[in-house]
file structure.csv (CSV, C-alpha atoms and all ligand atoms)
chain,number,residue,atom,x,y,z
O,618,MET,CA,5.6,-11.9,7.0
O,619,SER,CA,5.7,-11.5,10.7
O,620,ALA,CA,3.7,-14.2,12.4
O,621,SER,CA,2.5,-11.7,15.0
O,622,PRO,CA,2.8,-8.0,15.7
O,623,ARG,CA,6.5,-7.9,16.6
O,624,LEU,CA,9.4,-5.6,16.0
O,625,ASN,CA,11.1,-6.2,12.7
O,626,PRO,CA,14.8,-4.9,12.6
O,627,GLN,CA,14.4,-3.6,9.0
O,628,PHE,CA,11.3,-1.7,10.0
O,629,LEU,CA,13.0,-0.3,13.1
O,630,SER,CA,16.0,0.9,11.1
O,631,ALA,CA,13.8,2.6,8.5
O,632,TRP,CA,11.7,4.1,11.4
O,633,LEU,CA,14.9,5.6,12.9
O,634,ARG,CA,15.8,7.0,9.6
O,635,ASN,CA,12.4,8.6,9.0
O,636,PRO,CA,9.6,8.0,11.5
O,637,LEU,CA,7.1,10.3,9.7
O,638,GLN,CA,7.5,8.6,6.4
O,639,MET,CA,7.1,5.1,8.0
O,640,GLY,CA,3.9,6.3,9.8
O,641,ALA,CA,3.7,3.2,12.0
O,642,VAL,CA,5.6,1.6,14.9
O,643,ALA,CA,5.7,-1.9,13.5
O,644,ALA,CA,5.5,-3.9,10.3
O,645,SER,CA,2.1,-5.2,9.4
O,646,SER,CA,1.1,-8.5,11.0
O,647,ASP,CA,0.2,-11.6,8.9
O,648,GLU,CA,-3.4,-10.9,9.8
O,649,LEU,CA,-3.4,-7.4,8.5
O,650,ALA,CA,-1.4,-8.3,5.4
O,651,ASN,CA,-3.9,-11.2,4.7
O,652,ALA,CA,-6.9,-9.0,5.2
O,653,MET,CA,-5.5,-6.5,2.7
O,654,ALA,CA,-4.6,-9.2,0.2
O,655,ALA,CA,-8.1,-10.8,0.5
O,656,GLN,CA,-9.5,-7.7,-1.2
O,657,VAL,CA,-7.6,-8.4,-4.4
O,658,ASN,CA,-8.5,-10.9,-7.1
O,659,ALA,CA,-5.9,-13.6,-7.5
O,660,ASP,CA,-6.2,-13.5,-11.3
O,661,SER,CA,-5.6,-9.7,-11.5
O,662,ASP,CA,-3.5,-8.5,-14.5
O,663,LEU,CA,-1.9,-5.7,-12.6
O,664,VAL,CA,-1.7,-5.0,-8.9
O,665,ILE,CA,0.3,-2.0,-7.6
O,666,GLU,CA,1.4,-2.0,-4.0
O,667,LEU,CA,2.3,1.4,-2.5
O,668,GLY,CA,4.6,1.7,0.5
O,669,ALA,CA,5.6,-1.9,0.7
O,670,GLY,CA,8.0,-1.4,3.6
O,671,THR,CA,9.3,-4.7,4.8
O,672,GLY,CA,7.2,-6.7,2.4
O,673,ALA,CA,4.5,-8.2,4.6
O,674,VAL,CA,1.7,-7.2,2.2
O,675,THR,CA,3.8,-8.2,-0.8
O,676,SER,CA,4.2,-11.6,0.6
O,677,ALA,CA,0.5,-11.9,1.4
O,678,LEU,CA,-0.5,-10.8,-2.2
O,679,LEU,CA,1.8,-13.5,-3.7
O,680,ALA,CA,0.4,-16.1,-1.2
O,681,ARG,CA,-3.1,-15.1,-2.3
O,682,GLY,CA,-2.1,-16.1,-5.8
O,683,VAL,CA,-1.4,-12.8,-7.6
O,684,ALA,CA,1.2,-13.7,-10.3
O,685,PRO,CA,4.6,-12.2,-9.5
O,686,SER,CA,4.6,-10.7,-13.0
O,687,ALA,CA,1.3,-8.9,-12.3
O,688,LEU,CA,2.7,-7.2,-9.1
O,689,VAL,CA,4.5,-3.9,-9.1
O,690,VAL,CA,5.8,-2.7,-5.7
O,691,VAL,CA,6.6,1.0,-5.0
O,692,GLU,CA,8.7,2.0,-2.0
O,693,LYS,CA,10.2,5.4,-1.3
O,694,ASP,CA,12.9,4.4,1.2
O,695,PRO,CA,15.9,3.2,-1.0
O,696,GLU,CA,17.2,0.8,1.6
O,697,LEU,CA,13.8,-0.9,2.1
O,698,ALA,CA,13.4,-1.0,-1.7
O,699,ARG,CA,16.8,-2.7,-2.0
O,700,GLN,CA,15.8,-5.3,0.6
O,701,LEU,CA,12.4,-5.9,-1.1
O,702,ALA,CA,14.1,-6.4,-4.5
O,703,LYS,CA,16.6,-8.9,-2.9
O,704,ARG,CA,13.8,-10.8,-1.1
O,705,PHE,CA,11.2,-10.9,-4.0
O,706,ARG,CA,13.0,-11.6,-7.2
O,707,SER,CA,10.0,-11.6,-9.5
O,708,PRO,CA,7.7,-8.6,-8.7
O,709,LEU,CA,9.1,-5.4,-10.1
O,710,VAL,CA,10.3,-3.2,-7.2
O,711,ILE,CA,10.4,0.5,-8.0
O,712,THR,CA,12.2,2.9,-5.7
O,713,GLY,CA,10.2,6.0,-5.9
O,714,ASP,CA,7.6,8.4,-4.5
O,715,ALA,CA,3.9,7.4,-4.9
O,716,THR,CA,3.2,11.1,-5.7
O,717,ARG,CA,4.9,10.4,-9.1
O,718,LEU,CA,3.2,7.0,-9.7
O,719,GLN,CA,2.2,7.6,-13.3
O,720,ASP,CA,5.7,8.6,-14.2
O,721,LEU,CA,7.2,5.6,-12.4
O,722,LEU,CA,4.8,3.2,-14.1
O,723,SER,CA,5.1,4.7,-17.6
O,724,ARG,CA,8.6,3.1,-17.8
O,725,SER,CA,7.2,-0.4,-17.3
O,726,HIS,CA,3.4,-0.6,-17.4
O,727,ASP,CA,1.0,1.2,-19.7
O,728,ARG,CA,-2.2,-0.7,-18.7
O,729,PRO,CA,-4.7,0.2,-15.9
O,730,ALA,CA,-4.4,-1.7,-12.6
O,731,ASP,CA,-7.1,-4.0,-11.1
O,732,ALA,CA,-6.1,-2.9,-7.6
O,733,VAL,CA,-3.8,-0.5,-5.8
O,734,VAL,CA,-2.9,-1.8,-2.3
O,735,SER,CA,-1.6,0.9,-0.1
O,736,SER,CA,0.2,0.8,3.3
O,737,LEU,CA,1.1,4.5,2.9
O,738,PRO,CA,0.6,6.7,6.0
O,739,LEU,CA,-2.1,8.7,4.3
O,740,LEU,CA,-3.5,10.5,7.4
O,741,GLY,CA,0.0,11.6,8.5
O,742,MET,CA,0.8,13.2,5.1
O,743,ARG,CA,0.6,16.9,4.3
O,744,THR,CA,-2.7,17.6,2.5
O,745,LEU,CA,-1.1,18.3,-0.8
O,746,THR,CA,1.0,15.1,-0.7
O,747,ARG,CA,-2.1,13.1,0.2
O,748,VAL,CA,-4.1,14.6,-2.7
O,749,ARG,CA,-1.3,13.9,-5.1
O,750,VAL,CA,-0.8,10.3,-4.0
O,751,LEU,CA,-4.6,9.6,-4.3
O,752,ALA,CA,-5.0,11.4,-7.6
O,753,GLN,CA,-2.2,9.3,-9.0
O,754,ALA,CA,-3.4,6.1,-7.5
O,755,PHE,CA,-7.0,6.4,-8.8
O,756,ALA,CA,-5.7,7.5,-12.2
O,757,ALA,CA,-3.7,4.3,-12.4
O,758,LEU,CA,-6.9,2.2,-11.7
O,759,ARG,CA,-9.4,0.6,-14.1
O,760,PRO,CA,-12.9,2.2,-13.8
O,761,ASP,CA,-13.9,-0.8,-11.7
O,762,GLY,CA,-10.6,-1.1,-9.9
O,763,ARG,CA,-10.1,-1.2,-6.1
O,764,PHE,CA,-8.0,1.0,-3.8
O,765,VAL,CA,-7.2,-0.9,-0.7
O,766,GLN,CA,-5.9,1.0,2.3
O,767,PHE,CA,-5.5,0.3,6.0
O,768,THR,CA,-5.7,2.8,8.8
O,769,TYR,CA,-5.1,2.8,12.6
O,770,SER,CA,-7.6,5.6,13.0
O,771,PRO,CA,-11.3,5.0,13.8
O,772,LYS,CA,-11.9,7.5,11.0
O,773,PRO,CA,-11.7,6.6,7.3
O,774,PRO,CA,-8.2,6.8,5.8
O,775,ILE,CA,-9.5,9.3,3.1
O,776,PRO,CA,-11.2,12.3,4.6
O,777,GLY,CA,-14.8,13.0,3.4
O,778,PRO,CA,-14.2,16.1,1.4
O,779,LEU,CA,-11.4,14.4,-0.5
O,780,VAL,CA,-13.6,11.3,-1.2
O,781,ALA,CA,-16.1,13.6,-2.8
O,782,ALA,CA,-13.5,15.5,-4.8
O,783,LEU,CA,-12.0,12.3,-6.1
O,784,GLY,CA,-15.4,10.9,-7.1
O,785,VAL,CA,-15.0,7.7,-5.1
O,786,ARG,CA,-16.8,5.8,-2.4
O,787,GLY,CA,-15.3,3.7,0.4
O,788,GLU,CA,-16.3,1.1,2.9
O,789,ARG,CA,-14.6,-0.5,5.9
O,790,VAL,CA,-14.3,-4.2,5.0
O,791,GLY,CA,-12.5,-5.5,8.0
O,792,ARG,CA,-11.0,-4.8,11.4
O,793,VAL,CA,-7.8,-6.5,12.5
O,794,LEU,CA,-7.2,-6.6,16.2
O,795,TRP,CA,-4.0,-8.7,15.9
O,796,ASN,CA,-1.8,-5.9,14.7
O,797,LEU,CA,0.3,-3.2,16.4
O,798,PRO,CA,-1.8,-1.1,16.7
O,799,PRO,CA,-5.1,-2.6,15.6
O,800,ALA,CA,-6.1,-1.5,12.2
O,801,SER,CA,-9.1,-1.3,9.8
O,802,VAL,CA,-9.1,-2.2,6.1
O,803,TRP,CA,-10.9,0.1,3.7
O,804,VAL,CA,-11.8,-0.4,0.0
O,805,TYR,CA,-12.5,2.5,-2.3
O,806,LYS,CA,-14.0,2.4,-5.8
O,807,LYS,CA,-14.7,5.0,-8.4
O,808,ILE,CA,-18.3,6.1,-8.6
O,809,ASP,CA,-19.7,5.1,-12.0
W,1,LIG,C1,3.4,1.6,7.4
W,1,LIG,S1,4.9,1.5,6.5
W,1,LIG,C2,4.8,0.0,5.6
W,1,LIG,C3,4.1,-1.2,6.2
W,1,LIG,C4,4.3,-2.4,5.4
W,1,LIG,N1,3.0,-3.1,5.1
W,1,LIG,C5,5.2,-3.4,6.3
W,1,LIG,O1,4.7,-4.3,6.8
W,1,LIG,O2,6.4,-3.1,6.4
W,1,LIG,C6,4.6,2.7,5.2
W,1,LIG,C7,5.6,2.6,4.1
W,1,LIG,O3,5.3,3.6,3.1
W,1,LIG,C8,6.5,4.1,2.6
W,1,LIG,N2,6.2,5.5,2.1
W,1,LIG,C9,5.8,6.6,2.7
W,1,LIG,N3,5.6,7.6,1.9
W,1,LIG,C10,5.8,7.1,0.6
W,1,LIG,C11,5.6,7.7,-0.7
W,1,LIG,N4,5.3,8.9,-0.8
W,1,LIG,N5,5.9,6.9,-1.7
W,1,LIG,C12,6.2,5.6,-1.6
W,1,LIG,N6,6.4,5.0,-0.3
W,1,LIG,C13,6.2,5.7,0.7
W,1,LIG,C14,7.4,4.2,3.8
W,1,LIG,O4,8.8,4.3,3.4
W,1,LIG,C15,7.1,2.9,4.5
W,1,LIG,O5,7.9,1.8,4.0
call {"tool": "encode", "arguments": {"input": "structure.csv", "output": "structure tokens"}}
result
Amino acid sequence: MSASPRLNPQFLSAWLRNPLQMGAVAASSDELANAMAAQVNADSDLVIELGAGTGAVTSALLARGVAPSALVVVEKDPELARQLAKRFRSPLVITGDATRLQDLLSRSHDRPADAVVSSLPLLGMRTLTRVRVLAQAFAALRPDGRFVQFTYSPKPPIPGPLVAALGVRGERVGRVLWNLPPASVWVYKKID
């Protein structure tokens, strides 16, 4: 993890390849990664991380105590995915698009997840892509599972009408100033 909000060469290369897909100017800081990981139970059976990038949140989830065998990491950028697989030998790293999450998981995991932890640039996505990603993410979750997402925006990372359509509710659980730029962490759960 980066000890502070600083430029990471892997992140910079990926950003130069595809700035819109990265949706950020820097890798997540330790503080943000830890704030995300703190929302996940260490004894979870299955945690899915979306948009793992350079692995800051992956590292924080493992440090939190999530078993490597319980963690599945999805990253669309093939070069970042290759580097994640090299750095983290135990969690399964899947190179793929989160809009196809169910498909990607069906090859390895057929049980619902305790948590989906997302660094995806949701608000920068086209509406249809965002809807697809979120529908797939909530379909992958247990009824009481948690969807954890950060945002740089003062607004929620899932727009109100989509929250209603998905049948979920969300709350901001933290604000991390020591990140470039400062970010908020949100947790969404399905409404019973
Ligand atoms: C904000 S960056 C990652 C931040 C990460 N926590 C870090 O510290 O590097 C967002 C990541 O989401 C990935 N991404 C964007 N759209 C995606 C999609 N549809 N499916 C999977 N990954 C995606 C990008 O390639 C990028 O690595």
call {"tool": "residues_near_ligand", "arguments": {"input": "structure.csv", "ligand": "ligand LIG 1 (chain W)", "cutoff": "6 Å", "atoms": "only C-alpha atoms and all ligand atoms", "output": "list in words"}}
result
Gln638, Met639, Gly640, Ala641, Ala644, Ser645, Leu667, Gly668, Ala669, Gly670, Thr671, Gly672, Ala673, Val674, Val691, Glu692, Lys693, Asp694, Gly713, Asp714, Ala715, Thr716, Ser736, Leu737 and Pro738 of chain O
call {"tool": "residues_around", "arguments": {"input": "structure.csv", "residues": "Arg759 of chain O", "least_positions_apart": "5", "cutoff": "7 Å", "atoms": "all atoms listed in the file", "output": "count of residues only"}}
result
3
call {"tool": "residues_near_point", "arguments": {"input": "structure.csv", "point": "(-10.4, -7.4, -14.0)", "cutoff": "12 Å", "atoms": "only C-alpha atoms", "output": "list in words"}}
result
Val657, Asn658, Ala659, Asp660, Ser661, Asp662, Leu663, Val664, Ala687, Arg728, Pro729, Ala730, Asp731, Ala732, Leu758, Arg759, Pro760, Asp761, Gly762 and Arg763 of chain O
call {"tool": "atom_distance", "arguments": {"input": "structure.csv", "atom1": "atom CA of Val802 of chain O", "atom2": "atom CA of Ser735 of chain O"}}
result
10.2 Å
call {"tool": "closest_residue", "arguments": {"input": "structure.csv", "among": "O:Lys772, O:Arg747, O:Arg681, O:Arg634", "to": "Glu696 of chain O", "atoms": "all atoms listed in the file"}}
result
O:Arg634
call {"tool": "residues_near_point", "arguments": {"input": "structure.csv", "point": "(-9.8, 5.3, -6.6)", "cutoff": "12 Å", "atoms": "all atoms listed in the file", "output": "PDB file with C-alpha atoms, keeping the file's coordinate frame"}}
result
ATOM      1  CA  PRO O 729      -4.700   0.200 -15.900  1.00  0.00           C
ATOM      2  CA  ALA O 730      -4.400  -1.700 -12.600  1.00  0.00           C
ATOM      3  CA  ASP O 731      -7.100  -4.000 -11.100  1.00  0.00           C
ATOM      4  CA  ALA O 732      -6.100  -2.900  -7.600  1.00  0.00           C
ATOM      5  CA  VAL O 733      -3.800  -0.500  -5.800  1.00  0.00           C
ATOM      6  CA  VAL O 734      -2.900  -1.800  -2.300  1.00  0.00           C
ATOM      7  CA  SER O 735      -1.600   0.900  -0.100  1.00  0.00           C
ATOM      8  CA  VAL O 748      -4.100  14.600  -2.700  1.00  0.00           C
ATOM      9  CA  VAL O 750      -0.800  10.300  -4.000  1.00  0.00           C
ATOM     10  CA  LEU O 751      -4.600   9.600  -4.300  1.00  0.00           C
ATOM     11  CA  ALA O 752      -5.000  11.400  -7.600  1.00  0.00           C
ATOM     12  CA  GLN O 753      -2.200   9.300  -9.000  1.00  0.00           C
ATOM     13  CA  ALA O 754      -3.400   6.100  -7.500  1.00  0.00           C
ATOM     14  CA  PHE O 755      -7.000   6.400  -8.800  1.00  0.00           C
ATOM     15  CA  ALA O 756      -5.700   7.500 -12.200  1.00  0.00           C
ATOM     16  CA  ALA O 757      -3.700   4.300 -12.400  1.00  0.00           C
ATOM     17  CA  LEU O 758      -6.900   2.200 -11.700  1.00  0.00           C
ATOM     18  CA  ARG O 759      -9.400   0.600 -14.100  1.00  0.00           C
ATOM     19  CA  PRO O 760     -12.900   2.200 -13.800  1.00  0.00           C
ATOM     20  CA  ASP O 761     -13.900  -0.800 -11.700  1.00  0.00           C
ATOM     21  CA  GLY O 762     -10.600  -1.100  -9.900  1.00  0.00           C
ATOM     22  CA  ARG O 763     -10.100  -1.200  -6.100  1.00  0.00           C
ATOM     23  CA  PHE O 764      -8.000   1.000  -3.800  1.00  0.00           C
ATOM     24  CA  VAL O 765      -7.200  -0.900  -0.700  1.00  0.00           C
ATOM     25  CA  GLN O 766      -5.900   1.000   2.300  1.00  0.00           C
ATOM     26  CA  ILE O 775      -9.500   9.300   3.100  1.00  0.00           C
ATOM     27  CA  LEU O 779     -11.400  14.400  -0.500  1.00  0.00           C
ATOM     28  CA  VAL O 780     -13.600  11.300  -1.200  1.00  0.00           C
ATOM     29  CA  ALA O 781     -16.100  13.600  -2.800  1.00  0.00           C
ATOM     30  CA  ALA O 782     -13.500  15.500  -4.800  1.00  0.00           C
ATOM     31  CA  LEU O 783     -12.000  12.300  -6.100  1.00  0.00           C
ATOM     32  CA  GLY O 784     -15.400  10.900  -7.100  1.00  0.00           C
ATOM     33  CA  VAL O 785     -15.000   7.700  -5.100  1.00  0.00           C
ATOM     34  CA  ARG O 786     -16.800   5.800  -2.400  1.00  0.00           C
ATOM     35  CA  GLY O 787     -15.300   3.700   0.400  1.00  0.00           C
ATOM     36  CA  TRP O 803     -10.900   0.100   3.700  1.00  0.00           C
ATOM     37  CA  VAL O 804     -11.800  -0.400   0.000  1.00  0.00           C
ATOM     38  CA  TYR O 805     -12.500   2.500  -2.300  1.00  0.00           C
ATOM     39  CA  LYS O 806     -14.000   2.400  -5.800  1.00  0.00           C
ATOM     40  CA  LYS O 807     -14.700   5.000  -8.400  1.00  0.00           C
ATOM     41  CA  ILE O 808     -18.300   6.100  -8.600  1.00  0.00           C
ATOM     42  CA  ASP O 809     -19.700   5.100 -12.000  1.00  0.00           C
TER      43      ASP O 809
END
call {"tool": "atom_distance", "arguments": {"input": "structure.csv", "atom1": "atom CA of Asp727 of chain O", "atom2": "atom CA of Arg706 of chain O"}}
result
21.5 Å
call {"tool": "closest_residue", "arguments": {"input": "structure.csv", "among": "O:Thr746, O:Thr712, O:Asn625, O:Asn796", "to": "Phe767 of chain O", "atoms": "all atoms listed in the file"}}
result
O:Asn796
call {"tool": "atom_distance", "arguments": {"input": "structure.csv", "atom1": "atom CA of Leu629 of chain O", "atom2": "atom CA of Ser646 of chain O"}}
result
14.6 Å
call {"tool": "residues_around", "arguments": {"input": "structure.csv", "residues": "Val690 of chain O", "least_positions_apart": "6", "cutoff": "7 Å", "atoms": "only C-alpha atoms", "output": "ChimeraX atom specification"}}
result
/O:665-667,669,708-711
call {"tool": "write_last_selection", "arguments": {"input": "structure.csv", "atoms": "C-alpha atoms", "output": "PDB file, in the coordinates of the input"}}
result
ATOM      1  CA  ILE O 665       0.300  -2.000  -7.600  1.00  0.00           C
ATOM      2  CA  GLU O 666       1.400  -2.000  -4.000  1.00  0.00           C
ATOM      3  CA  LEU O 667       2.300   1.400  -2.500  1.00  0.00           C
ATOM      4  CA  ALA O 669       5.600  -1.900   0.700  1.00  0.00           C
ATOM      5  CA  PRO O 708       7.700  -8.600  -8.700  1.00  0.00           C
ATOM      6  CA  LEU O 709       9.100  -5.400 -10.100  1.00  0.00           C
ATOM      7  CA  VAL O 710      10.300  -3.200  -7.200  1.00  0.00           C
ATOM      8  CA  ILE O 711      10.400   0.500  -8.000  1.00  0.00           C
TER       9      ILE O 711
END
call {"tool": "closest_residue", "arguments": {"input": "structure.csv", "among": "O:Ala654, O:Leu637, O:Val642, O:Leu740", "to": "Ala680 of chain O", "atoms": "only C-alpha atoms"}}
result
O:Ala654
call {"tool": "closest_residue", "arguments": {"input": "structure.csv", "among": "O:Pro636, O:Ser707, O:Pro695, O:Val793", "to": "Gly741 of chain O", "atoms": "all atoms listed in the file"}}
result
O:Pro636
call {"tool": "closest_residue", "arguments": {"input": "structure.csv", "among": "O:Gln719, O:Trp795, O:Lys703, O:Arg724", "to": "Asn651 of chain O", "atoms": "all atoms listed in the file"}}
result
O:Trp795
call {"tool": "closest_residue", "arguments": {"input": "structure.csv", "among": "O:Ser725, O:Arg704, O:Tyr769, O:Asn635", "to": "Leu797 of chain O", "atoms": "all atoms listed in the file"}}
result
O:Tyr769
